[in-house]
file entry_17.cif (mmCIF, C-alpha atoms, pLDDT in the B column; chains and numbers go by the auth columns)
data_query
loop_
_atom_site.group_PDB
_atom_site.id
_atom_site.type_symbol
_atom_site.label_atom_id
_atom_site.label_comp_id
_atom_site.label_asym_id
_atom_site.label_seq_id
_atom_site.Cartn_x
_atom_site.Cartn_y
_atom_site.Cartn_z
_atom_site.B_iso_or_equiv
_atom_site.auth_seq_id
_atom_site.auth_asym_id
ATOM 1 C CA MET A 1 -3.252 -21.861 -5.087 65.00 969 R
ATOM 2 C CA GLU A 2 -2.936 -23.340 -1.594 84.00 970 R
ATOM 3 C CA LEU A 3 -0.881 -20.265 -0.681 92.00 971 R
ATOM 4 C CA LEU A 4 -3.771 -17.879 -1.398 95.00 972 R
ATOM 5 C CA PRO A 5 -5.078 -17.715 2.224 96.00 973 R
ATOM 6 C CA SER A 6 -1.587 -16.828 3.514 96.00 974 R
ATOM 7 C CA VAL A 7 -1.118 -14.223 0.789 96.00 975 R
ATOM 8 C CA LEU A 8 -4.533 -12.614 1.340 97.00 976 R
ATOM 9 C CA ALA A 9 -4.052 -12.481 5.121 97.00 977 R
ATOM 10 C CA SER A 10 -0.516 -11.078 4.942 97.00 978 R
ATOM 11 C CA GLY A 11 -1.669 -8.677 2.218 97.00 979 R
ATOM 12 C CA TRP A 12 -4.510 -7.409 4.398 97.00 980 R
ATOM 13 C CA ALA A 13 -2.103 -6.941 7.306 97.00 981 R
ATOM 14 C CA SER A 14 0.380 -5.120 5.027 97.00 982 R
ATOM 15 C CA GLY A 15 -2.322 -2.615 4.132 97.00 983 R
ATOM 16 C CA ILE A 16 -2.495 -1.639 7.809 97.00 984 R
ATOM 17 C CA ASN A 17 1.213 -1.784 8.711 97.00 985 R
ATOM 18 C CA ALA A 18 3.581 -3.312 6.154 97.00 986 R
ATOM 19 C CA TYR A 19 6.736 -2.892 8.234 97.00 987 R
ATOM 20 C CA LEU A 20 5.284 -4.767 11.203 97.00 988 R
ATOM 21 C CA VAL A 21 4.287 -7.626 8.897 97.00 989 R
ATOM 22 C CA VAL A 22 7.854 -7.914 7.577 97.00 990 R
ATOM 23 C CA VAL A 23 9.217 -7.896 11.147 97.00 991 R
ATOM 24 C CA VAL A 24 6.761 -10.554 12.361 97.00 992 R
ATOM 25 C CA LEU A 25 7.286 -12.848 9.361 97.00 993 R
ATOM 26 C CA GLY A 26 11.061 -12.373 9.468 96.00 994 R
ATOM 27 C CA LEU A 27 11.251 -13.180 13.180 96.00 995 R
ATOM 28 C CA LEU A 28 9.064 -16.259 12.717 96.00 996 R
ATOM 29 C CA GLY A 29 11.315 -17.493 9.954 95.00 997 R
ATOM 30 C CA ARG A 30 14.526 -16.732 11.796 94.00 998 R
ATOM 31 C CA PHE A 31 13.759 -17.813 15.346 94.00 999 R
ATOM 32 C CA ALA A 32 10.744 -20.147 15.061 93.00 1000 R
ATOM 33 C CA ASP A 33 12.001 -21.972 11.962 89.00 1001 R
ATOM 34 C CA VAL A 34 8.724 -21.479 10.088 91.00 1002 R
ATOM 35 C CA ALA A 35 9.620 -22.951 6.722 88.00 1003 R
ATOM 36 C CA ALA A 36 7.040 -20.949 4.764 90.00 1004 R
ATOM 37 C CA VAL A 37 8.856 -17.663 5.450 94.00 1005 R
ATOM 38 C CA PRO A 38 10.975 -16.582 2.461 93.00 1006 R
ATOM 39 C CA GLU A 39 14.664 -16.528 3.384 93.00 1007 R
ATOM 40 C CA SER A 40 15.041 -12.921 2.236 95.00 1008 R
ATOM 41 C CA LEU A 41 12.753 -11.766 5.075 96.00 1009 R
ATOM 42 C CA THR A 42 14.948 -13.396 7.730 96.00 1010 R
ATOM 43 C CA ARG A 43 18.085 -11.447 6.795 96.00 1011 R
ATOM 44 C CA THR A 44 19.465 -9.166 9.508 96.00 1012 R
ATOM 45 C CA ASP A 45 19.580 -6.069 7.291 97.00 1013 R
ATOM 46 C CA VAL A 46 15.952 -6.550 6.213 96.00 1014 R
ATOM 47 C CA LEU A 47 14.804 -7.025 9.819 97.00 1015 R
ATOM 48 C CA VAL A 48 16.757 -3.992 11.076 97.00 1016 R
ATOM 49 C CA VAL A 49 15.430 -1.657 8.340 97.00 1017 R
ATOM 50 C CA ALA A 50 11.853 -2.950 8.776 97.00 1018 R
ATOM 51 C CA ALA A 51 12.108 -2.521 12.570 97.00 1019 R
ATOM 52 C CA ILE A 52 13.373 1.071 12.241 97.00 1020 R
ATOM 53 C CA LEU A 53 10.590 1.940 9.788 97.00 1021 R
ATOM 54 C CA TYR A 54 8.065 0.259 12.090 97.00 1022 R
ATOM 55 C CA VAL A 55 9.220 2.409 15.038 97.00 1023 R
ATOM 56 C CA ILE A 56 8.837 5.560 12.908 96.00 1024 R
ATOM 57 C CA GLU A 57 5.354 4.454 11.835 95.00 1025 R
ATOM 58 C CA PHE A 58 4.508 3.474 15.431 95.00 1026 R
ATOM 59 C CA VAL A 59 5.091 7.087 16.513 94.00 1027 R
ATOM 60 C CA ALA A 60 3.606 8.806 13.436 93.00 1028 R
ATOM 61 C CA ASP A 61 0.478 6.661 13.580 91.00 1029 R
ATOM 62 C CA LYS A 62 -0.397 7.887 17.074 90.00 1030 R
ATOM 63 C CA VAL A 63 -0.336 11.627 16.322 89.00 1031 R
ATOM 64 C CA PRO A 64 -3.611 13.153 15.054 85.00 1032 R
ATOM 65 C CA TYR A 65 -3.420 14.382 11.434 85.00 1033 R
ATOM 66 C CA LEU A 66 0.206 13.239 11.117 90.00 1034 R
ATOM 67 C CA ASP A 67 -1.216 9.709 10.886 91.00 1035 R
ATOM 68 C CA SER A 68 -3.349 10.705 7.892 89.00 1036 R
ATOM 69 C CA ILE A 69 -0.334 12.318 6.179 91.00 1037 R
ATOM 70 C CA TRP A 70 1.617 9.108 6.833 93.00 1038 R
ATOM 71 C CA ASP A 71 -1.265 7.069 5.397 93.00 1039 R
ATOM 72 C CA ALA A 72 -1.280 9.227 2.263 92.00 1040 R
ATOM 73 C CA VAL A 73 2.464 8.702 1.799 93.00 1041 R
ATOM 74 C CA SER A 74 1.983 4.954 2.393 94.00 1042 R
ATOM 75 C CA THR A 75 -0.658 4.621 -0.341 94.00 1043 R
ATOM 76 C CA ALA A 76 1.985 3.408 -2.779 93.00 1044 R
ATOM 77 C CA ILE A 77 4.106 1.558 -0.205 96.00 1045 R
ATOM 78 C CA ARG A 78 1.581 -0.723 1.510 97.00 1046 R
ATOM 79 C CA PRO A 79 -0.058 -2.246 -1.601 97.00 1047 R
ATOM 80 C CA THR A 80 3.394 -2.701 -3.130 97.00 1048 R
ATOM 81 C CA ALA A 81 4.563 -4.474 0.032 97.00 1049 R
ATOM 82 C CA GLY A 82 1.491 -6.728 -0.092 97.00 1050 R
ATOM 83 C CA ALA A 83 2.243 -7.607 -3.718 97.00 1051 R
ATOM 84 C CA VAL A 84 5.930 -8.271 -3.015 97.00 1052 R
ATOM 85 C CA LEU A 85 5.067 -10.480 -0.035 96.00 1053 R
ATOM 86 C CA GLY A 86 2.630 -12.398 -2.237 95.00 1054 R
ATOM 87 C CA LEU A 87 5.367 -12.898 -4.809 95.00 1055 R
ATOM 88 C CA LEU A 88 7.899 -13.980 -2.175 95.00 1056 R
ATOM 89 C CA LEU A 89 5.450 -16.419 -0.591 94.00 1057 R
ATOM 90 C CA ALA A 90 4.728 -17.852 -4.050 92.00 1058 R
ATOM 91 C CA GLY A 91 8.304 -19.115 -4.159 88.00 1059 R
ATOM 92 C CA ASP A 92 8.825 -21.562 -7.031 84.00 1060 R
ATOM 93 C CA ALA A 93 5.193 -21.507 -8.183 86.00 1061 R
ATOM 94 C CA SER A 94 4.429 -21.112 -11.872 88.00 1062 R
ATOM 95 C CA THR A 95 4.577 -17.663 -13.441 90.00 1063 R
ATOM 96 C CA VAL A 96 0.778 -17.456 -13.594 93.00 1064 R
ATOM 97 C CA GLU A 97 0.433 -18.407 -9.926 93.00 1065 R
ATOM 98 C CA GLN A 98 3.093 -15.872 -8.957 94.00 1066 R
ATOM 99 C CA ALA A 99 1.218 -13.159 -10.837 94.00 1067 R
ATOM 100 C CA VAL A 100 -2.115 -14.128 -9.255 95.00 1068 R
ATOM 101 C CA LEU A 101 -0.639 -14.261 -5.741 95.00 1069 R
ATOM 102 C CA ALA A 102 1.182 -10.939 -6.175 96.00 1070 R
ATOM 103 C CA ALA A 103 -2.012 -9.276 -7.449 96.00 1071 R
ATOM 104 C CA SER A 104 -4.035 -10.848 -4.608 97.00 1072 R
ATOM 105 C CA GLY A 105 -1.591 -9.635 -1.966 97.00 1073 R
ATOM 106 C CA GLY A 106 -1.455 -6.156 -3.456 97.00 1074 R
ATOM 107 C CA GLY A 107 -5.233 -5.967 -3.846 97.00 1075 R
ATOM 108 C CA ALA A 108 -5.868 -7.083 -0.251 97.00 1076 R
ATOM 109 C CA ALA A 109 -3.326 -4.536 0.991 97.00 1077 R
ATOM 110 C CA LEU A 110 -4.898 -1.735 -1.053 97.00 1078 R
ATOM 111 C CA ALA A 111 -8.395 -2.562 0.239 97.00 1079 R
ATOM 112 C CA SER A 112 -7.347 -2.611 3.894 97.00 1080 R
ATOM 113 C CA HIS A 113 -5.184 0.486 3.445 96.00 1081 R
ATOM 114 C CA LEU A 114 -8.109 2.481 2.005 95.00 1082 R
ATOM 115 C CA VAL A 115 -10.399 1.392 4.845 95.00 1083 R
ATOM 116 C CA LYS A 116 -7.736 2.216 7.448 95.00 1084 R
ATOM 117 C CA GLY A 117 -7.015 5.625 5.903 92.00 1085 R
ATOM 118 C CA GLY A 118 -10.712 6.507 5.771 91.00 1086 R
ATOM 119 C CA LEU A 119 -11.327 5.420 9.357 91.00 1087 R
ATOM 120 C CA ARG A 120 -8.327 7.367 10.611 89.00 1088 R
ATOM 121 C CA LEU A 121 -9.622 10.523 8.907 85.00 1089 R
ATOM 122 C CA VAL A 122 -12.879 10.066 10.801 84.00 1090 R
ATOM 123 C CA VAL A 123 -11.021 9.411 14.062 84.00 1091 R
ATOM 124 C CA ASN A 124 -9.150 12.684 13.522 83.00 1092 R
ATOM 125 C CA THR A 125 -12.421 14.587 13.815 78.00 1093 R
ATOM 126 C CA SER A 126 -12.169 13.804 17.528 74.00 1094 R
ATOM 127 C CA PRO A 127 -10.056 16.534 19.158 67.00 1095 R
ATOM 128 C CA GLU A 128 -8.276 14.365 21.751 71.00 1096 R
ATOM 129 C CA PRO A 129 -5.277 12.093 21.023 76.00 1097 R
ATOM 130 C CA ALA A 130 -6.448 9.115 23.113 83.00 1098 R
ATOM 131 C CA THR A 131 -8.666 7.811 20.300 85.00 1099 R
ATOM 132 C CA ASN A 132 -5.761 7.858 17.843 85.00 1100 R
ATOM 133 C CA ILE A 133 -3.421 6.107 20.263 89.00 1101 R
ATOM 134 C CA GLY A 134 -5.973 3.437 21.179 91.00 1102 R
ATOM 135 C CA THR A 135 -6.927 2.810 17.552 91.00 1103 R
ATOM 136 C CA SER A 136 -3.301 2.566 16.455 92.00 1104 R
ATOM 137 C CA LEU A 137 -2.334 0.180 19.268 94.00 1105 R
ATOM 138 C CA GLY A 138 -5.332 -2.005 18.431 95.00 1106 R
ATOM 139 C CA GLU A 139 -4.271 -2.079 14.780 95.00 1107 R
ATOM 140 C CA ASP A 140 -0.724 -3.100 15.746 96.00 1108 R
ATOM 141 C CA VAL A 141 -1.938 -5.999 17.891 97.00 1109 R
ATOM 142 C CA VAL A 142 -4.322 -7.266 15.204 97.00 1110 R
ATOM 143 C CA VAL A 143 -1.711 -6.924 12.439 97.00 1111 R
ATOM 144 C CA ALA A 144 0.894 -8.861 14.446 97.00 1112 R
ATOM 145 C CA GLY A 145 -1.656 -11.591 15.191 97.00 1113 R
ATOM 146 C CA VAL A 146 -2.934 -11.909 11.615 97.00 1114 R
ATOM 147 C CA ALA A 147 0.619 -11.838 10.187 97.00 1115 R
ATOM 148 C CA ALA A 148 1.671 -14.695 12.474 96.00 1116 R
ATOM 149 C CA LEU A 149 -1.493 -16.678 11.768 96.00 1117 R
ATOM 150 C CA ALA A 150 -1.039 -16.134 8.011 96.00 1118 R
ATOM 151 C CA LEU A 151 1.734 -18.724 8.070 93.00 1119 R
ATOM 152 C CA LEU A 152 0.734 -20.861 11.046 93.00 1120 R
ATOM 153 C CA HIS A 153 -3.037 -21.067 10.432 96.00 1121 R
ATOM 154 C CA PRO A 154 -3.677 -19.406 7.049 96.00 1122 R
ATOM 155 C CA TYR A 155 -7.413 -20.130 6.778 96.00 1123 R
ATOM 156 C CA VAL A 156 -8.058 -18.715 10.247 97.00 1124 R
ATOM 157 C CA ALA A 157 -5.995 -15.639 9.367 97.00 1125 R
ATOM 158 C CA MET A 158 -7.808 -15.166 6.046 97.00 1126 R
ATOM 159 C CA THR A 159 -11.195 -15.441 7.775 97.00 1127 R
ATOM 160 C CA ILE A 160 -10.228 -12.893 10.446 97.00 1128 R
ATOM 161 C CA ALA A 161 -8.846 -10.520 7.800 97.00 1129 R
ATOM 162 C CA GLY A 162 -11.988 -10.882 5.665 97.00 1130 R
ATOM 163 C CA VAL A 163 -14.340 -10.251 8.592 97.00 1131 R
ATOM 164 C CA LEU A 164 -12.326 -7.220 9.720 96.00 1132 R
ATOM 165 C CA LEU A 165 -12.276 -5.817 6.187 96.00 1133 R
ATOM 166 C CA VAL A 166 -16.068 -6.103 5.901 96.00 1134 R
ATOM 167 C CA LEU A 167 -16.654 -4.672 9.395 96.00 1135 R
ATOM 168 C CA GLY A 168 -14.181 -1.854 8.732 94.00 1136 R
ATOM 169 C CA THR A 169 -15.929 -0.966 5.480 95.00 1137 R
ATOM 170 C CA ILE A 170 -19.346 -0.913 7.160 95.00 1138 R
ATOM 171 C CA LEU A 171 -18.002 1.182 10.044 92.00 1139 R
ATOM 172 C CA LEU A 172 -16.347 3.588 7.611 90.00 1140 R
ATOM 173 C CA VAL A 173 -19.609 4.136 5.723 91.00 1141 R
ATOM 174 C CA LEU A 174 -21.586 4.655 8.958 91.00 1142 R
ATOM 175 C CA LEU A 175 -19.044 7.053 10.480 86.00 1143 R
ATOM 176 C CA TRP A 176 -18.594 9.052 7.271 83.00 1144 R
ATOM 177 C CA THR A 177 -22.377 9.430 7.066 86.00 1145 R
ATOM 178 C CA ARG A 178 -22.483 10.782 10.636 82.00 1146 R
ATOM 179 C CA VAL A 179 -19.547 13.143 10.072 75.00 1147 R
ATOM 180 C CA ARG A 180 -21.116 14.438 6.842 79.00 1148 R
ATOM 181 C CA ARG A 181 -24.447 14.973 8.591 81.00 1149 R
ATOM 182 C CA GLY A 182 -22.710 16.873 11.398 76.00 1150 R
ATOM 183 C CA TYR A 183 -20.813 19.014 8.886 74.00 1151 R
ATOM 184 C CA LEU A 184 -24.030 19.883 7.025 78.00 1152 R
ATOM 185 C CA ARG A 185 -25.746 20.838 10.301 81.00 1153 R
ATOM 186 C CA LEU A 186 -22.798 23.036 11.271 77.00 1154 R
ATOM 187 C CA ARG A 187 -22.817 24.733 7.872 79.00 1155 R
ATOM 188 C CA ALA A 188 -26.558 25.354 8.050 79.00 1156 R
ATOM 189 C CA TRP A 189 -26.180 26.804 11.567 81.00 1157 R
ATOM 190 C CA ARG A 190 -23.422 29.158 10.374 80.00 1158 R
ATOM 191 C CA GLN A 191 -25.534 30.300 7.421 81.00 1159 R
ATOM 192 C CA ARG A 192 -28.493 31.047 9.743 78.00 1160 R
ATOM 193 C CA ARG A 193 -26.190 32.961 12.057 79.00 1161 R
ATOM 194 C CA ARG A 194 -24.809 35.031 9.180 79.00 1162 R
ATOM 195 C CA ALA A 195 -28.345 35.693 7.942 73.00 1163 R
ATOM 196 C CA ARG A 196 -29.395 36.942 11.418 77.00 1164 R
ATOM 197 C CA ALA A 197 -26.273 39.136 11.645 73.00 1165 R
ATOM 198 C CA ALA A 198 -27.093 40.658 8.261 68.00 1166 R
ATOM 199 C CA TYR A 199 -30.483 41.789 9.576 65.00 1167 R
#
call {"tool": "encode", "arguments": {"input": "entry_17.cif", "output": "structure tokens"}}
result
Amino acid sequence: MELLPSVLASGWASGINAYLVVVVLGLLGRFADVAAVPESLTRTDVLVVAAILYVIEFVADKVPYLDSIWDAVSTAIRPTAGAVLGLLLAGDASTVEQAVLAASGGGAALASHLVKGGLRLVVNTSPEPATNIGTSLGEDVVVAGVAALALLHPYVAMTIAGVLLVLGTILLVLLWTRVRRGYLRLRAWRQRRRARAAY
């Protein structure tokens, strides 16, 4: 199970942006000769398709509300990508280890995807696009860094991913509480206004 830190870190990153993870890992394997990268990720066709999908996601992720639609569509894709990466990284491990690593990668991807999707819904309550663009660019930088570290320094990457997952969850709860409170105040204000208009 020495591969678990790499799988958890790459799984977490896949939950944010699976295509970028494939591009980063593939480039590391192809041009930096990182032996831990599965050969299938270094193929030209895989890198080209992943790069095209990353560019599409790069644009979609910066547009308010379109990013949330994209996240909803990606609910099946990102956890699956995390599980597949876990399986690929497992290589020639035993069947049980492959199953555990695939489940770990998929589970980490699902957790980070849910946190990302929830946070982006909250960000969309802000009317201007700058918040979306800044948040998305920050996610891209962190994902690229964690994906690279997942193979070069797996324990560091796993620690960063774990801390960010916990902080993201806490932030999501705090922001959702504030948004809900604001919504309830707005609803109460509208009801009072209607009541006054009725008199």
call {"tool": "residues_around", "arguments": {"input": "entry_17.cif", "residues": "R:Leu1120", "least_positions_apart": "2", "cutoff": "9 Å", "atoms": "all atoms listed in the file", "output": "PyMOL selection string"}}
result
chain R and resi 974+1002+1004+1116-1118+1122+1125
call {"tool": "residues_around", "arguments": {"input": "entry_17.cif", "residues": "R:Ala1028", "least_positions_apart": "5", "cutoff": "8 Å", "atoms": "all atoms listed in the file", "output": "list in words"}}
result
Leu1034, Asp1035 and Trp1038 of chain R
call {"tool": "residues_around", "arguments": {"input": "entry_17.cif", "residues": "R:Ala1058", "least_positions_apart": "2", "cutoff": "12 Å", "atoms": "only C-alpha atoms", "output": "PDB file with C-alpha atoms, keeping the file's coordinate frame"}}
result
ATOM      1  CA  MET R 969      -3.252 -21.861  -5.087  1.00 65.00           C
ATOM      2  CA  GLU R 970      -2.936 -23.340  -1.594  1.00 84.00           C
ATOM      3  CA  LEU R 971      -0.881 -20.265  -0.681  1.00 92.00           C
ATOM      4  CA  LEU R 972      -3.771 -17.879  -1.398  1.00 95.00           C
ATOM      5  CA  PRO R 973      -5.078 -17.715   2.224  1.00 96.00           C
ATOM      6  CA  SER R 974      -1.587 -16.828   3.514  1.00 96.00           C
ATOM      7  CA  VAL R 975      -1.118 -14.223   0.789  1.00 96.00           C
ATOM      8  CA  LEU R 976      -4.533 -12.614   1.340  1.00 97.00           C
ATOM      9  CA  ALA R1004       7.040 -20.949   4.764  1.00 90.00           C
ATOM     10  CA  VAL R1005       8.856 -17.663   5.450  1.00 94.00           C
ATOM     11  CA  PRO R1006      10.975 -16.582   2.461  1.00 93.00           C
ATOM     12  CA  ALA R1051       2.243  -7.607  -3.718  1.00 97.00           C
ATOM     13  CA  VAL R1052       5.930  -8.271  -3.015  1.00 97.00           C
ATOM     14  CA  LEU R1053       5.067 -10.480  -0.035  1.00 96.00           C
ATOM     15  CA  GLY R1054       2.630 -12.398  -2.237  1.00 95.00           C
ATOM     16  CA  LEU R1055       5.367 -12.898  -4.809  1.00 95.00           C
ATOM     17  CA  LEU R1056       7.899 -13.980  -2.175  1.00 95.00           C
ATOM     18  CA  ASP R1060       8.825 -21.562  -7.031  1.00 84.00           C
ATOM     19  CA  ALA R1061       5.193 -21.507  -8.183  1.00 86.00           C
ATOM     20  CA  SER R1062       4.429 -21.112 -11.872  1.00 88.00           C
ATOM     21  CA  THR R1063       4.577 -17.663 -13.441  1.00 90.00           C
ATOM     22  CA  VAL R1064       0.778 -17.456 -13.594  1.00 93.00           C
ATOM     23  CA  GLU R1065       0.433 -18.407  -9.926  1.00 93.00           C
ATOM     24  CA  GLN R1066       3.093 -15.872  -8.957  1.00 94.00           C
ATOM     25  CA  ALA R1067       1.218 -13.159 -10.837  1.00 94.00           C
ATOM     26  CA  VAL R1068      -2.115 -14.128  -9.255  1.00 95.00           C
ATOM     27  CA  LEU R1069      -0.639 -14.261  -5.741  1.00 95.00           C
ATOM     28  CA  ALA R1070       1.182 -10.939  -6.175  1.00 96.00           C
ATOM     29  CA  ALA R1071      -2.012  -9.276  -7.449  1.00 96.00           C
ATOM     30  CA  SER R1072      -4.035 -10.848  -4.608  1.00 97.00           C
ATOM     31  CA  GLY R1073      -1.591  -9.635  -1.966  1.00 97.00           C
TER      32      GLY R1073
END
call {"tool": "resolve_selection", "arguments": {"input": "entry_17.cif", "expression": "the PyMOL selection byres ((chain R and resi 1104) around 12)", "output": "tab-separated table (two decimals) with C-alpha atoms, keeping the file's coordinate frame"}}
result
chain	number	residue	atom	x	y	z
R	984	ILE	CA	-2.50	-1.64	7.81
R	985	ASN	CA	1.21	-1.78	8.71
R	1025	GLU	CA	5.35	4.45	11.84
R	1026	PHE	CA	4.51	3.47	15.43
R	1027	VAL	CA	5.09	7.09	16.51
R	1028	ALA	CA	3.61	8.81	13.44
R	1029	ASP	CA	0.48	6.66	13.58
R	1030	LYS	CA	-0.40	7.89	17.07
R	1031	VAL	CA	-0.34	11.63	16.32
R	1032	PRO	CA	-3.61	13.15	15.05
R	1035	ASP	CA	-1.22	9.71	10.89
R	1036	SER	CA	-3.35	10.70	7.89
R	1084	LYS	CA	-7.74	2.22	7.45
R	1085	GLY	CA	-7.02	5.62	5.90
R	1087	LEU	CA	-11.33	5.42	9.36
R	1088	ARG	CA	-8.33	7.37	10.61
R	1091	VAL	CA	-11.02	9.41	14.06
R	1097	PRO	CA	-5.28	12.09	21.02
R	1098	ALA	CA	-6.45	9.12	23.11
R	1099	THR	CA	-8.67	7.81	20.30
R	1100	ASN	CA	-5.76	7.86	17.84
R	1101	ILE	CA	-3.42	6.11	20.26
R	1102	GLY	CA	-5.97	3.44	21.18
R	1103	THR	CA	-6.93	2.81	17.55
R	1105	LEU	CA	-2.33	0.18	19.27
R	1106	GLY	CA	-5.33	-2.00	18.43
R	1107	GLU	CA	-4.27	-2.08	14.78
R	1108	ASP	CA	-0.72	-3.10	15.75
R	1109	VAL	CA	-1.94	-6.00	17.89
R	1110	VAL	CA	-4.32	-7.27	15.20
R	1111	VAL	CA	-1.71	-6.92	12.44
call {"tool": "atom_distance", "arguments": {"input": "entry_17.cif", "atom1": "atom CA of R:Ala1077", "atom2": "atom CA of R:Arg1011"}}
result
23.2 Å
call {"tool": "residues_around", "arguments": {"input": "entry_17.cif", "residues": "R:Tyr1022", "least_positions_apart": "5", "cutoff": "10 Å", "atoms": "all atoms listed in the file", "output": "PyMOL selection string"}}
result
chain R and resi 985-991+1016-1017+1027-1028
call {"tool": "atom_distance", "arguments": {"input": "entry_17.cif", "atom1": "atom CA of R:Gly997", "atom2": "atom CA of R:Leu1132"}}
result
25.8 Å
call {"tool": "atom_distance", "arguments": {"input": "entry_17.cif", "atom1": "atom CA of R:Arg1153", "atom2": "atom CA of R:Leu1082"}}
result
26.8 Å
call {"tool": "closest_atom_pairs", "arguments": {"input": "entry_17.cif", "of": "stretch 1005-1123 of chain R", "to": "stretch 1138-1148 of chain R", "cutoff": "8 Å", "atoms": "all atoms listed in the file", "output": "CSV"}}
result
residue,atom,partner,partner_atom,distance
R:Val1083,CA,R:Leu1140,CA,6.9
R:Gly1086,CA,R:Leu1140,CA,6.6
R:Leu1087,CA,R:Leu1140,CA,5.6
R:Val1090,CA,R:Trp1144,CA,6.8
call {"tool": "closest_residue", "arguments": {"input": "entry_17.cif", "among": "R:Thr1010, R:Gln1159, R:Thr1127, R:Ser1094", "to": "R:Leu995", "atoms": "only C-alpha atoms"}}
result
R:Thr1010
call {"tool": "resolve_selection", "arguments": {"input": "entry_17.cif", "expression": "the PyMOL selection byres ((chain R and resi 1044-1048) around 6)", "output": "PDB file with C-alpha atoms, in the coordinates of the input"}}
result
ATOM      1  CA  SER R 982       0.380  -5.120   5.027  1.00 97.00           C
ATOM      2  CA  GLY R 983      -2.322  -2.615   4.132  1.00 97.00           C
ATOM      3  CA  ALA R 986       3.581  -3.312   6.154  1.00 97.00           C
ATOM      4  CA  SER R1042       1.983   4.954   2.393  1.00 94.00           C
ATOM      5  CA  THR R1043      -0.658   4.621  -0.341  1.00 94.00           C
ATOM      6  CA  ALA R1049       4.563  -4.474   0.032  1.00 97.00           C
ATOM      7  CA  GLY R1050       1.491  -6.728  -0.092  1.00 97.00           C
ATOM      8  CA  ALA R1051       2.243  -7.607  -3.718  1.00 97.00           C
ATOM      9  CA  GLY R1074      -1.455  -6.156  -3.456  1.00 97.00           C
ATOM     10  CA  ALA R1077      -3.326  -4.536   0.991  1.00 97.00           C
ATOM     11  CA  LEU R1078      -4.898  -1.735  -1.053  1.00 97.00           C
TER      12      LEU R1078
END
call {"tool": "axis_aligned_box", "arguments": {"input": "entry_17.cif", "around": "stretch 1024-1036 of chain R", "padding_each_side": "5 Å", "output": "AutoDock Vina command-line options"}}
result
--center_x 2.6 --center_y 8.9 --center_z 12.5 --size_x 22.4 --size_y 20.9 --size_z 19.2
call {"tool": "closest_residue", "arguments": {"input": "entry_17.cif", "among": "R:Val992, R:Ala1040, R:Ala977, R:Ala1019", "to": "R:Leu1133", "atoms": "only C-alpha atoms"}}
result
R:Ala977
call {"tool": "decode", "arguments": {"input": "entry_17.cif", "residues": "stretch 1016-1028 of chain R", "atoms": "N, CA and C atoms", "output": "PDB file, in the first residue's frame"}}
result
ATOM      1  N   VAL R1016      -3.366  14.412 -26.130  1.00  0.00           N
ATOM      2  CA  VAL R1016      -4.072  15.372 -26.982  1.00  0.00           C
ATOM      3  C   VAL R1016      -5.541  15.490 -26.557  1.00  0.00           C
ATOM      4  N   VAL R1017      -6.206  14.348 -26.351  1.00  0.00           N
ATOM      5  CA  VAL R1017      -7.623  14.364 -25.943  1.00  0.00           C
ATOM      6  C   VAL R1017      -7.771  15.028 -24.575  1.00  0.00           C
ATOM      7  N   ALA R1018      -6.892  14.670 -23.625  1.00  0.00           N
ATOM      8  CA  ALA R1018      -6.958  15.266 -22.282  1.00  0.00           C
ATOM      9  C   ALA R1018      -6.711  16.772 -22.347  1.00  0.00           C
ATOM     10  N   ALA R1019      -5.781  17.204 -23.199  1.00  0.00           N
ATOM     11  CA  ALA R1019      -5.484  18.638 -23.329  1.00  0.00           C
ATOM     12  C   ALA R1019      -6.675  19.391 -23.912  1.00  0.00           C
ATOM     13  N   ILE R1020      -7.323  18.811 -24.932  1.00  0.00           N
ATOM     14  CA  ILE R1020      -8.502  19.458 -25.527  1.00  0.00           C
ATOM     15  C   ILE R1020      -9.624  19.584 -24.495  1.00  0.00           C
ATOM     16  N   LEU R1021      -9.876  18.482 -23.767  1.00  0.00           N
ATOM     17  CA  LEU R1021     -10.923  18.522 -22.737  1.00  0.00           C
ATOM     18  C   LEU R1021     -10.567  19.493 -21.617  1.00  0.00           C
ATOM     19  N   TYR R1022      -9.270  19.595 -21.300  1.00  0.00           N
ATOM     20  CA  TYR R1022      -8.847  20.562 -20.281  1.00  0.00           C
ATOM     21  C   TYR R1022      -9.125  21.990 -20.742  1.00  0.00           C
ATOM     22  N   VAL R1023      -8.842  22.287 -22.010  1.00  0.00           N
ATOM     23  CA  VAL R1023      -9.092  23.647 -22.533  1.00  0.00           C
ATOM     24  C   VAL R1023     -10.585  23.970 -22.460  1.00  0.00           C
ATOM     25  N   ILE R1024     -11.432  23.000 -22.820  1.00  0.00           N
ATOM     26  CA  ILE R1024     -12.885  23.218 -22.731  1.00  0.00           C
ATOM     27  C   ILE R1024     -13.284  23.484 -21.283  1.00  0.00           C
ATOM     28  N   GLU R1025     -12.755  22.663 -20.356  1.00  0.00           N
ATOM     29  CA  GLU R1025     -13.079  22.869 -18.943  1.00  0.00           C
ATOM     30  C   GLU R1025     -12.505  24.181 -18.425  1.00  0.00           C
ATOM     31  N   PHE R1026     -11.317  24.559 -18.914  1.00  0.00           N
ATOM     32  CA  PHE R1026     -10.686  25.816 -18.503  1.00  0.00           C
ATOM     33  C   PHE R1026     -11.613  26.994 -18.777  1.00  0.00           C
ATOM     34  N   VAL R1027     -12.262  26.982 -19.958  1.00  0.00           N
ATOM     35  CA  VAL R1027     -13.180  28.062 -20.320  1.00  0.00           C
ATOM     36  C   VAL R1027     -14.489  27.947 -19.539  1.00  0.00           C
ATOM     37  N   ALA R1028     -15.085  26.750 -19.539  1.00  0.00           N
ATOM     38  CA  ALA R1028     -16.390  26.554 -18.889  1.00  0.00           C
ATOM     39  C   ALA R1028     -16.320  26.859 -17.400  1.00  0.00           C
TER      40      ALA R1028
END
